[in-house]
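To be precise, the following lines are input.cif, and they hold mmCIF, C-alpha atoms.
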data_start
loop_
_atom_site.label_atom_id
_atom_site.label_comp_id
_atom_site.auth_asym_id
_atom_site.auth_seq_id
_atom_site.Cartn_x
_atom_site.Cartn_y
_atom_site.Cartn_z
CA MET V 25 109.63 78.45 62.10
CA PHE V 26 109.81 75.75 64.70
CA ASN V 27 109.43 72.03 64.48
CA GLN V 28 108.60 70.88 67.98
CA GLN V 29 109.20 67.67 69.82
CA ARG V 30 106.57 67.64 72.51
CA THR V 31 106.42 65.60 75.65
CA LYS V 32 103.31 64.85 77.61
CA PRO V 33 101.96 67.71 79.69
CA GLY V 34 103.90 68.22 82.89
CA ASN V 35 107.05 66.49 81.68
CA GLY V 36 108.98 69.73 81.45
CA PRO V 37 110.14 72.19 78.82
CA ILE V 38 109.53 71.47 75.17
CA VAL V 39 112.46 71.56 72.79
CA ASN V 40 112.06 73.96 69.86
CA ARG V 41 114.29 73.79 66.82
CA THR V 42 114.62 76.37 64.08
CA SER V 43 113.57 75.15 60.68
CA PRO V 44 116.26 75.39 57.99
CA SER V 45 113.66 76.85 55.63
CA GLN V 46 113.89 80.13 57.51
CA PRO V 47 117.20 81.83 56.50
CA LEU V 48 117.15 84.38 59.33
CA GLY V 49 116.00 81.85 61.91
CA ASP V 50 115.20 83.43 65.28
CA LEU V 51 117.07 86.67 64.56
CA PRO V 52 114.04 88.97 63.87
CA ILE V 53 112.09 87.95 66.97
CA LYS V 54 115.20 88.04 69.18
CA LEU V 55 116.06 91.51 67.91
CA ALA V 56 112.48 92.57 68.59
CA LEU V 57 112.69 91.34 72.20
CA LEU V 58 115.89 93.34 72.75
CA LEU V 59 114.31 96.50 71.35
CA VAL V 60 111.07 96.02 73.32
CA TYR V 61 113.01 95.96 76.56
CA MET V 62 115.17 98.92 75.53
CA VAL V 63 112.27 101.20 74.64
CA PHE V 64 110.47 100.41 77.90
CA ALA V 65 113.69 101.19 79.78
CA ILE V 66 113.85 104.60 78.10
CA LEU V 67 110.28 105.43 79.08
CA LEU V 68 110.19 103.93 82.58
CA ASN V 69 113.40 105.64 83.66
CA SER V 70 112.47 109.02 82.20
CA VAL V 71 110.24 109.76 85.17
CA GLY V 72 112.93 111.83 86.95
CA THR V 73 113.52 113.96 83.87
CA VAL V 74 109.77 114.36 83.29
CA ILE V 75 109.27 115.46 86.92
CA GLN V 76 111.98 118.08 86.52
CA GLN V 77 110.58 119.35 83.21
CA SER V 78 106.98 119.27 84.43
CA ILE V 79 107.91 121.57 87.29
CA ASN V 80 109.89 123.88 84.99
CA SER V 81 107.60 124.08 81.96
CA LEU V 82 104.14 122.81 82.95
CA GLY V 83 103.73 124.56 86.31
CA ALA V 84 103.46 121.32 88.30
CA THR V 85 104.36 121.54 91.98
CA ALA V 86 107.03 119.33 93.51
CA ARG V 87 104.37 117.75 95.72
CA SER V 88 102.11 116.79 92.81
CA ALA V 89 105.04 115.66 90.66
CA ALA V 90 106.18 113.32 93.44
CA TYR V 91 103.17 111.09 92.71
CA LEU V 92 104.09 110.65 89.03
CA ASP V 93 106.12 107.52 89.80
CA SER V 94 103.05 105.78 91.21
CA PHE V 95 101.19 106.22 87.91
CA LYS V 96 103.54 103.66 86.34
CA ASP V 97 104.24 101.43 89.34
CA LEU V 98 100.67 100.58 90.35
CA PRO V 99 99.56 99.46 86.85
CA VAL V 100 102.62 97.18 86.65
CA ALA V 101 101.50 95.23 89.72
CA VAL V 102 97.83 95.04 88.71
CA VAL V 103 98.21 94.26 85.01
CA SER V 104 100.91 91.62 85.53
CA PHE V 105 98.33 89.31 87.11
CA LEU V 106 95.92 89.81 84.21
CA ALA V 107 98.68 89.42 81.62
CA ALA V 108 99.84 86.15 83.15
CA ALA V 109 96.33 84.69 82.80
CA MET V 110 95.41 86.12 79.40
CA LEU V 111 98.60 86.24 77.31
CA PRO V 112 98.99 82.50 76.59
CA ARG V 113 95.55 82.60 74.97
CA PHE V 114 95.91 85.98 73.28
CA GLY V 115 99.47 85.36 72.07
CA TYR V 116 102.81 86.73 73.25
CA ARG V 117 103.70 88.39 69.95
CA ARG V 118 100.27 89.98 69.58
CA GLY V 119 100.40 91.06 73.23
CA MET V 120 103.69 92.87 72.70
CA MET V 121 102.37 94.54 69.55
CA MET V 122 99.21 95.67 71.35
CA ALA V 123 101.15 97.05 74.33
CA LEU V 124 103.60 98.90 72.09
CA ALA V 125 100.79 100.33 69.96
CA ALA V 126 99.07 101.72 73.07
CA VAL V 127 102.29 103.34 74.29
CA GLY V 128 103.07 104.65 70.81
CA ALA V 129 99.65 106.31 70.65
CA MET V 130 100.31 108.09 73.94
CA CYS V 131 103.75 109.18 72.70
CA ILE V 132 102.06 110.80 69.70
CA ALA V 133 99.45 112.43 71.96
CA ALA V 134 102.07 113.90 74.32
CA PRO V 135 103.51 116.61 72.00
CA LEU V 136 100.04 117.31 70.58
CA ILE V 137 98.52 117.84 74.06
CA PRO V 138 101.46 118.92 76.27
CA SER V 139 100.16 118.88 79.85
CA PHE V 140 100.93 117.29 83.19
CA TRP V 141 97.80 115.15 82.94
CA THR V 142 99.04 113.83 79.61
CA MET V 143 102.23 112.76 81.36
CA LYS V 144 100.21 110.98 84.05
CA LEU V 145 98.24 109.08 81.42
CA LEU V 146 101.42 108.31 79.49
CA PHE V 147 103.13 106.75 82.51
CA ALA V 148 99.99 104.80 83.44
CA MET V 149 99.97 103.35 79.92
CA VAL V 150 103.72 102.67 80.07
CA GLY V 151 103.34 100.80 83.38
CA ALA V 152 100.43 98.67 82.17
CA SER V 153 102.13 97.92 78.85
CA PHE V 154 105.44 97.06 80.51
CA ALA V 155 103.66 94.44 82.63
CA ILE V 156 102.37 92.85 79.41
CA GLY V 157 105.73 93.26 77.70
CA LYS V 158 107.79 91.71 80.49
CA VAL V 159 105.54 88.65 80.82
CA ALA V 160 105.51 88.23 77.03
CA VAL V 161 109.27 88.72 76.57
CA TYR V 162 110.32 86.28 79.29
CA SER V 163 107.76 83.72 78.16
CA THR V 164 108.93 84.02 74.55
CA ILE V 165 112.53 83.34 75.58
CA GLY V 166 111.46 79.83 76.58
CA LEU V 167 110.16 79.25 73.05
CA LEU V 168 113.42 80.38 71.45
CA THR V 169 115.94 78.40 73.51
CA THR V 170 116.67 74.70 73.83
CA ASP V 171 118.53 74.43 77.15
CA GLN V 172 119.18 76.17 80.42
CA ARG V 173 122.41 77.86 79.38
CA SER V 174 121.08 79.34 76.15
CA HIS V 175 117.99 80.49 78.06
CA GLY V 176 120.18 82.19 80.66
CA SER V 177 122.41 83.76 78.02
CA LEU V 178 119.51 85.31 76.08
CA THR V 179 117.74 86.43 79.27
CA THR V 180 120.87 88.16 80.55
CA LEU V 181 121.45 89.85 77.19
CA ILE V 182 117.90 91.20 77.14
CA GLU V 183 118.23 92.52 80.70
CA ALA V 184 121.52 94.17 79.68
CA MET V 185 119.64 95.98 76.91
CA PHE V 186 117.32 97.36 79.60
CA GLN V 187 120.27 99.03 81.33
CA ILE V 188 121.61 100.28 78.00
CA GLY V 189 118.16 101.77 77.38
CA VAL V 190 118.42 103.66 80.68
CA PHE V 191 121.60 105.36 79.44
CA ALA V 192 120.27 105.95 75.94
CA GLY V 193 117.13 107.53 77.35
CA ALA V 194 119.06 109.99 79.51
CA TRP V 195 121.02 111.25 76.49
CA LEU V 196 117.95 111.24 74.24
CA PHE V 197 115.84 113.36 76.60
CA SER V 198 118.70 115.74 77.41
CA ALA V 199 119.13 116.46 73.68
CA PHE V 200 115.63 118.00 73.56
CA ILE V 201 115.89 120.12 76.73
CA ASP V 202 116.50 123.84 76.16
CA ASN V 203 118.87 124.98 78.91
CA ASN V 204 118.39 128.63 77.93
CA ASP V 205 114.62 128.49 78.32
CA PRO V 206 113.45 126.34 81.26
CA GLN V 207 109.79 126.91 80.31
CA SER V 208 110.25 125.62 76.76
CA LEU V 209 108.05 122.72 75.69
CA ALA V 210 110.61 121.55 73.12
CA TRP V 211 111.37 118.49 75.25
CA PHE V 212 108.00 117.02 74.24
CA HIS V 213 109.38 116.46 70.75
CA VAL V 214 111.42 113.54 72.09
CA TYR V 215 108.21 111.52 72.02
CA TRP V 216 108.05 111.74 68.20
CA ILE V 217 111.39 109.89 68.13
CA ILE V 218 110.21 107.29 70.63
CA ALA V 219 106.96 106.77 68.70
CA ALA V 220 108.97 106.17 65.52
CA ILE V 221 111.16 103.60 67.31
CA ILE V 222 108.05 101.85 68.60
CA GLY V 223 106.68 101.75 65.05
CA VAL V 224 109.82 99.99 63.85
CA ILE V 225 109.57 97.41 66.66
CA ILE V 226 105.90 96.69 65.86
CA LEU V 227 106.84 96.18 62.20
CA LEU V 228 109.66 93.84 63.23
CA LEU V 229 107.28 91.81 65.39
CA ALA V 230 104.73 91.70 62.57
CA VAL V 231 107.20 90.08 60.17
CA SER V 232 108.66 87.72 62.79
CA ASP V 233 107.61 84.09 62.86
CA LEU V 234 106.93 82.55 66.27
CA ASP V 235 105.30 79.22 67.05
CA GLU V 236 103.58 79.63 70.42
CA SER V 237 101.78 76.31 70.53
CA ALA V 238 104.10 74.94 73.23
CA ALA V 239 103.04 77.74 75.58
CA GLN V 240 99.30 77.46 75.06
CA SER V 241 97.32 76.55 78.12
CA GLU V 242 95.21 73.40 78.20
CA ARG V 243 92.90 74.98 80.77
CA GLU V 244 89.40 76.00 79.70
CA SER V 245 89.24 79.63 80.81
CA PRO V 246 91.43 82.60 81.90
CA ALA V 247 89.97 82.22 85.40
CA GLN V 248 91.45 78.72 85.60
CA ASP V 249 94.77 80.12 84.35
CA PHE V 250 94.68 82.69 87.14
CA ILE V 251 93.96 80.01 89.73
CA ALA V 252 96.79 77.92 88.28
CA MET V 253 99.12 80.89 88.78
CA LEU V 254 98.16 81.11 92.45
CA LYS V 255 98.71 77.37 92.80
CA LEU V 256 102.34 77.85 91.76
CA VAL V 257 103.06 79.79 94.95
CA PRO V 258 103.07 76.85 97.42
CA LYS V 259 105.59 74.91 95.30
CA GLN V 260 108.96 74.64 97.04
CA LEU V 261 110.86 75.72 93.93
CA VAL V 262 108.70 78.83 93.53
CA LEU V 263 108.85 79.77 97.21
CA VAL V 264 112.64 79.56 97.29
CA PHE V 265 112.88 81.60 94.10
CA ILE V 266 110.49 84.26 95.44
CA ALA V 267 112.67 84.62 98.54
CA SER V 268 115.81 84.86 96.39
CA ALA V 269 114.32 87.40 93.97
CA PHE V 270 112.93 89.47 96.85
CA LEU V 271 116.37 89.64 98.49
CA TYR V 272 118.16 90.54 95.27
CA VAL V 273 115.76 93.35 94.32
CA LEU V 274 115.91 94.63 97.90
CA ILE V 275 119.69 94.98 97.55
CA GLU V 276 119.63 96.52 94.07
CA GLN V 277 116.91 99.06 94.79
CA GLY V 278 118.46 99.98 98.11
CA ILE V 279 121.68 100.90 96.32
CA SER V 280 120.23 102.48 93.17
CA THR V 281 117.76 104.67 95.08
CA TRP V 282 120.12 105.93 97.75
CA LEU V 283 123.51 105.99 96.02
CA PRO V 284 123.17 109.64 94.86
CA THR V 285 122.32 110.69 98.43
CA PHE V 286 125.22 108.59 99.75
CA ASN V 287 127.59 110.29 97.31
CA ASN V 288 126.37 113.72 98.38
CA LYS V 289 125.96 113.30 102.16
CA VAL V 290 128.70 110.80 103.00
CA MET V 291 131.38 111.40 100.36
CA HIS V 292 130.47 115.10 100.06
CA LEU V 293 130.41 115.17 96.28
CA PRO V 294 128.63 118.14 94.65
CA ALA V 295 124.94 117.47 93.98
CA ALA V 296 125.24 117.20 90.19
CA MET V 297 128.33 115.05 90.43
CA SER V 298 126.61 112.77 92.96
CA VAL V 299 124.01 111.88 90.33
CA GLN V 300 126.66 111.44 87.63
CA ALA V 301 128.74 109.19 89.87
CA ALA V 302 125.69 107.05 90.62
CA SER V 303 125.29 106.44 86.88
CA ILE V 304 128.45 104.31 87.06
CA PHE V 305 126.34 101.76 88.94
CA PHE V 306 123.81 101.46 86.12
CA GLY V 307 126.56 101.20 83.54
CA SER V 308 128.18 98.46 85.59
CA LEU V 309 124.88 96.55 85.70
CA ALA V 310 124.70 96.63 81.90
CA VAL V 311 128.31 95.54 81.44
CA GLY V 312 127.93 92.79 84.04
CA ARG V 313 124.91 91.36 82.23
CA LEU V 314 126.60 91.53 78.83
CA LEU V 315 129.63 89.67 80.17
CA ALA V 316 127.44 87.10 81.93
CA SER V 317 125.51 86.49 78.71
CA ALA V 318 128.74 85.22 77.14
CA MET V 319 130.08 83.47 80.26
CA LEU V 320 126.93 81.43 80.83
CA ARG V 321 127.60 79.42 77.69
CA ARG V 322 130.70 77.99 79.38
CA LEU V 323 130.17 78.47 83.12
CA GLY V 324 127.43 77.00 85.34
CA TRP V 325 124.92 79.47 86.73
CA TYR V 326 125.43 78.49 90.37
CA VAL V 327 129.19 79.05 90.25
CA LEU V 328 128.73 82.39 88.49
CA LEU V 329 126.23 83.71 91.03
CA ASN V 330 128.25 82.64 94.05
CA VAL V 331 131.38 84.29 92.67
CA SER V 332 129.28 87.40 92.05
CA LEU V 333 127.96 87.49 95.63
CA VAL V 334 131.44 87.06 97.13
CA ALA V 335 132.77 89.86 94.90
CA MET V 336 129.84 92.11 95.90
CA ALA V 337 130.55 91.60 99.60
CA GLY V 338 134.26 92.20 98.99
CA LEU V 339 133.58 95.53 97.26
CA VAL V 340 131.36 96.66 100.13
CA ALA V 341 134.05 95.75 102.68
CA LEU V 342 136.77 97.42 100.61
CA SER V 343 135.11 100.60 99.39
CA LEU V 344 132.94 101.80 102.29
CA PRO V 345 135.87 102.33 104.70
CA LEU V 346 137.41 104.56 102.01
CA ALA V 347 134.31 106.78 102.19
CA GLU V 348 134.66 107.47 105.92
CA GLY V 349 136.18 110.65 107.31
CA LEU V 350 136.11 112.58 104.05
CA THR V 351 135.91 116.37 104.27
CA ILE V 352 133.61 118.64 102.33
CA GLY V 353 135.19 119.90 99.15
CA ALA V 354 133.27 122.39 97.03
CA ASP V 355 135.92 122.14 94.35
CA THR V 356 135.64 118.35 93.98
CA THR V 357 135.94 117.19 90.38
CA TRP V 358 136.38 113.85 88.61
CA PHE V 359 140.13 114.36 88.90
CA ASN V 360 140.23 114.64 92.70
CA ALA V 361 137.12 112.66 93.70
CA PRO V 362 137.60 110.00 96.39
CA LEU V 363 138.40 106.49 95.19
CA ALA V 364 135.20 105.13 96.77
CA ALA V 365 133.13 107.22 94.32
CA PHE V 366 134.48 105.07 91.50
CA LEU V 367 134.95 101.79 93.36
CA PHE V 368 131.62 101.20 95.13
CA PRO V 369 129.37 101.61 92.02
CA LEU V 370 131.35 98.81 90.35
CA ILE V 371 129.33 96.45 92.52
CA GLY V 372 126.91 96.52 89.59
CA LEU V 373 129.36 94.41 87.55
CA PHE V 374 128.77 91.48 89.88
CA MET V 375 125.17 92.26 90.81
CA GLY V 376 123.97 92.50 87.20
CA PRO V 377 123.84 88.78 86.32
CA ILE V 378 122.01 87.61 89.45
CA TYR V 379 118.38 88.54 88.75
CA PRO V 380 118.12 87.49 85.07
CA VAL V 381 120.03 84.25 85.71
CA MET V 382 117.74 83.32 88.61
CA CYS V 383 114.65 84.03 86.49
CA SER V 384 116.06 82.02 83.62
CA THR V 385 116.96 79.06 85.81
CA LEU V 386 113.48 78.95 87.31
CA LEU V 387 111.67 79.21 83.98
CA SER V 388 113.94 76.56 82.43
CA ALA V 389 112.80 74.14 85.15
CA LEU V 390 109.10 74.74 84.49
CA PRO V 391 106.87 73.65 81.57
CA LYS V 392 106.53 76.39 78.97
CA SER V 393 102.80 76.66 79.68
CA ASP V 394 103.70 77.84 83.21
CA HIS V 395 106.12 80.58 82.08
CA ALA V 396 103.50 83.33 81.75
CA PRO V 397 101.82 82.62 85.15
CA MET V 398 105.25 82.47 86.78
CA MET V 399 106.29 85.79 85.25
CA GLY V 400 103.18 87.37 86.72
CA LEU V 401 104.33 86.31 90.17
CA ILE V 402 107.91 87.41 89.48
CA VAL V 403 106.82 90.93 88.50
CA VAL V 404 104.70 91.35 91.64
CA PHE V 405 107.27 90.05 94.14
CA SER V 406 110.08 91.95 92.45
CA ALA V 407 108.08 95.13 92.90
CA LEU V 408 107.57 94.31 96.59
CA GLY V 409 111.28 93.65 97.05
CA GLY V 410 112.20 96.94 95.36
CA THR V 411 109.81 98.94 97.50
CA THR V 412 111.05 97.25 100.68
CA GLY V 413 114.72 97.75 99.83
CA SER V 414 114.30 101.44 99.13
CA PHE V 415 112.22 101.95 102.30
CA VAL V 416 114.50 100.01 104.68
CA THR V 417 117.71 101.57 103.34
CA GLY V 418 116.16 105.01 103.57
CA ARG V 419 115.03 104.51 107.17
CA VAL V 420 118.48 103.31 108.24
CA PHE V 421 120.04 106.17 106.28
CA ALA V 422 117.89 108.68 108.17
CA ALA V 423 118.29 107.10 111.62
CA PHE V 424 122.03 106.43 111.50
CA ASP V 425 124.21 107.19 108.49
CA GLY V 426 124.62 106.22 104.86
CA ALA V 427 127.67 104.03 105.43
CA LEU V 428 125.81 101.83 107.95
CA ALA V 429 122.82 101.58 105.61
CA PHE V 430 125.05 100.12 102.89
CA TYR V 431 127.00 97.95 105.34
CA LEU V 432 123.72 96.35 106.42
CA LEU V 433 123.18 95.19 102.84
CA LEU V 434 125.74 92.49 103.66
CA VAL V 435 122.97 90.78 105.66
CA PRO V 436 120.61 90.12 102.70
CA MET V 437 123.68 89.20 100.61
CA GLY V 438 124.51 86.46 103.10
CA ILE V 439 120.91 85.25 103.24
CA LEU V 440 120.77 85.29 99.44
CA THR V 441 123.81 82.99 99.32
CA LEU V 442 121.93 80.46 101.46
CA SER V 443 118.76 80.96 99.43
CA LEU V 444 120.63 80.23 96.19
CA PHE V 445 121.95 76.99 97.69
CA LEU V 446 118.39 75.89 98.46
CA PHE V 447 117.27 77.11 95.04
CA ARG V 448 119.90 74.97 93.34
CA ARG V 449 118.77 71.87 95.26
CA THR V 450 115.10 72.40 94.41
CA VAL V 451 115.93 73.05 90.74
CA ALA V 452 117.89 69.79 90.59
CA VAL V 453 114.86 67.90 91.94
CA THR V 454 112.38 69.69 89.67
CA GLU V 455 114.24 69.46 86.35
CA PRO V 456 112.95 66.79 83.98
CA SER V 457 114.78 63.56 83.36
CA PRO V 458 117.61 63.66 80.77
CA SER V 459 115.88 60.85 78.88
CA LEU V 460 112.92 63.16 78.29
CA GLU V 461 114.93 66.29 77.51
CA PRO V 462 118.28 65.37 75.96
CA ASN V 463 119.22 68.99 75.29
CA LEU V 464 118.55 70.32 78.79
CA VAL V 465 121.75 71.19 80.66
CA HIS V 466 121.67 70.19 84.31
#
Represent the structure from my file as structure tokens, please.
Amino acid sequence: MFNQQRTKPGNGPIVNRTSPSQPLGDLPIKLALLLVYMVFAILLNSVGTVIQQSINSLGATARSAAYLDSFKDLPVAVVSFLAAAMLPRFGYRRGMMMALAAVGAMCIAAPLIPSFWTMKLLFAMVGASFAIGKVAVYSTIGLLTTDQRSHGSLTTLIEAMFQIGVFAGAWLFSAFIDNNDPQSLAWFHVYWIIAAIIGVIILLLAVSDLDESAAQSERESPAQDFIAMLKLVPKQLVLVFIASAFLYVLIEQGISTWLPTFNNKVMHLPAAMSVQAASIFFGSLAVGRLLASAMLRRLGWYVLLNVSLVAMAGLVALSLPLAEGLTIGADTTWFNAPLAAFLFPLIGLFMGPIYPVMCSTLLSALPKSDHAPMMGLIVVFSALGGTTGSFVTGRVFAAFDGALAFYLLLVPMGILTLSLFLFRRTVAVTEPSPSLEPNLVH
């Protein structure tokens, strides 16, 4: 499918071109990547629904259900290191098929053996498989794109599909919940649908053509690949990126985790409406990434991200004062809700492009053989940033008030602006010479 023009090792990304003999070109594998991310979004973000239904229909206690999240989070961190070292040798496409097959098997087992332990095993498998899937998807993007802008556009589109999957999953699961019988196990039947979707994705990957030779490691063993991944950390480009990614995920998780509580405790929205209003944020993230996917083909990444950060800070400064001094209203509806309930979640429009564009810019500046090791590091430090953001925002929320907790997010936004400036300078130094890569956009 690809005819490659290779440079010597270490001279930067390798240009891949689609062969005219393939009428569909990259379409099947690109569609597969979009669907892989969407199905993992459905499963990863179903944990809240599964907790609720496990308490209602499986007899799980709230205390035991609270640990369900960790069954998916811990495998993500552990397996990402292994995936980064092993996938270039095993193959990205085969890795995705293997991960999906494992998750599909658990989805089939769930309705056959409906129990809380089955759910624990399912989420452990989802977490481990997502680590493989994310490393494989991001590494494959580098094989399908020829320059920085097309890389950023496809990356942002795939991340947008993740947010769309979050919404699709909420509606999909709710369709199988019996409101008249809280103890009904009918909600387990949703996993038949998900297993069928996974089967279609595996079939799509099986018929897709992908030349992975440009990403294959020249090192002799997986242990050397793992050591090579650790050696990436001291690089200035990688250190600046890690700081930037950590700050971004800190901001996003701080908002996404505590926005429902903010809506309920500060703006005094009813509990159910507080959750619904918070969903505007996730929708905005998806829309922002879809728009950025198109804009990146014409607009430089650094300009786009700086405009996004300024707009984010402006929305915080504009919307949070509108949330102060509101009175409790039991009869609050969408028609008389405070303006801040609609305005603040729109921060997702401008926040959405930042993370995928940063990841894309970094990977575009590295040789394709380093994409998998780098993704292993990205997954780990993103998880650390998310955990920190949720913890810090929550502590400030408890000690002071929700408005101050969100105001303080202006601090990491400001630091992130400086970090992006340093990131741009290091990328400019790291990118290969135009004479070696004529199609790389600087």
Determine the residue set returned by the PyMOL selection byres ((chain V and resi 311) around 9) for the present structure, and present it as a CSV table (one decimal) with C-alpha atoms, keeping the file's coordinate frame.
chain,number,residue,atom,x,y,z
V,184,ALA,CA,121.5,94.2,79.7
V,187,GLN,CA,120.3,99.0,81.3
V,188,ILE,CA,121.6,100.3,78.0
V,306,PHE,CA,123.8,101.5,86.1
V,307,GLY,CA,126.6,101.2,83.5
V,308,SER,CA,128.2,98.5,85.6
V,309,LEU,CA,124.9,96.6,85.7
V,310,ALA,CA,124.7,96.6,81.9
V,312,GLY,CA,127.9,92.8,84.0
V,313,ARG,CA,124.9,91.4,82.2
V,314,LEU,CA,126.6,91.5,78.8
V,315,LEU,CA,129.6,89.7,80.2
V,316,ALA,CA,127.4,87.1,81.9
V,372,GLY,CA,126.9,96.5,89.6
V,373,LEU,CA,129.4,94.4,87.6
V,376,GLY,CA,124.0,92.5,87.2
Residue contacts of Pro380 in chain V (9 Å, only C-alpha atoms) excluding same-chain residues fewer than 6 positions away, as a ChimeraX atom specification: /V:176,179-183,313
Resolved residues for the PyMOL selection byres ((chain V and resi 164) around 12) as a VMD selection string: chain V and resid 40 50 53 to 54 56 to 58 111 to 112 115 to 120 157 to 163 165 to 169 175 178 to 179 182 233 to 240 384 387 to 388 392 to 396 399
Return as a CSV table (one decimal) with C-alpha atoms, in the coordinates of the input the set of residues that the PyMOL selection byres ((chain V and resi 438) around 12) yields on the displayed structure.
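Result file follows (selection-v2.csv):
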chain,number,residue,atom,x,y,z
V,268,SER,CA,115.8,84.9,96.4
V,271,LEU,CA,116.4,89.6,98.5
V,272,TYR,CA,118.2,90.5,95.3
V,275,ILE,CA,119.7,95.0,97.6
V,330,ASN,CA,128.2,82.6,94.0
V,333,LEU,CA,128.0,87.5,95.6
V,334,VAL,CA,131.4,87.1,97.1
V,336,MET,CA,129.8,92.1,95.9
V,337,ALA,CA,130.6,91.6,99.6
V,431,TYR,CA,127.0,98.0,105.3
V,432,LEU,CA,123.7,96.4,106.4
V,433,LEU,CA,123.2,95.2,102.8
V,434,LEU,CA,125.7,92.5,103.7
V,435,VAL,CA,123.0,90.8,105.7
V,436,PRO,CA,120.6,90.1,102.7
V,437,MET,CA,123.7,89.2,100.6
V,439,ILE,CA,120.9,85.2,103.2
V,440,LEU,CA,120.8,85.3,99.4
V,441,THR,CA,123.8,83.0,99.3
V,442,LEU,CA,121.9,80.5,101.5
V,443,SER,CA,118.8,81.0,99.4
V,444,LEU,CA,120.6,80.2,96.2
V,445,PHE,CA,122.0,77.0,97.7
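Across the structure, CA of Tyr326 in chain V and CA of Ile266 in chain V are spaced 16.8 Å apart.
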Long-range neighbours of range 217-229 of chain V as a VMD selection string, 12 Å cut-off, all atoms listed in the file, 4 positions minimum in chain: chain V and resid 50 to 67 70 116 to 135 161 189 192 to 193 196 to 197 199 to 200 211 to 213 233 to 234
Length of the CA of Lys96 in chain V to CA of Val416 in chain V vector [Å]: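 For CA of Lys96 in chain V relative to CA of Val416 in chain V, the distance reads 21.7 Å.
Across the structure, CA of Gly349 in chain V and CA of Ala427 in chain V are spaced 10.9 Å apart.
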Nearest-residue call for Gln207 in chain V, choices V:Leu136, V:Ala422, V:Leu408, V:Ile79, using all atoms listed in the file: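 Of the candidates, the smallest distance to Gln207 in chain V is held by V:Ile79.
When only C-alpha atoms are used to measure the gap to Phe95 in chain V, the shortest distance among V:Leu146, V:Val264, V:Met398, V:Leu323 belongs to V:Leu146.
Using all atoms listed in the file, the nearest neighbour of Ile402 in chain V within the list V:Ser104, V:Thr85, V:Asn360, V:Gln172 is V:Ser104.
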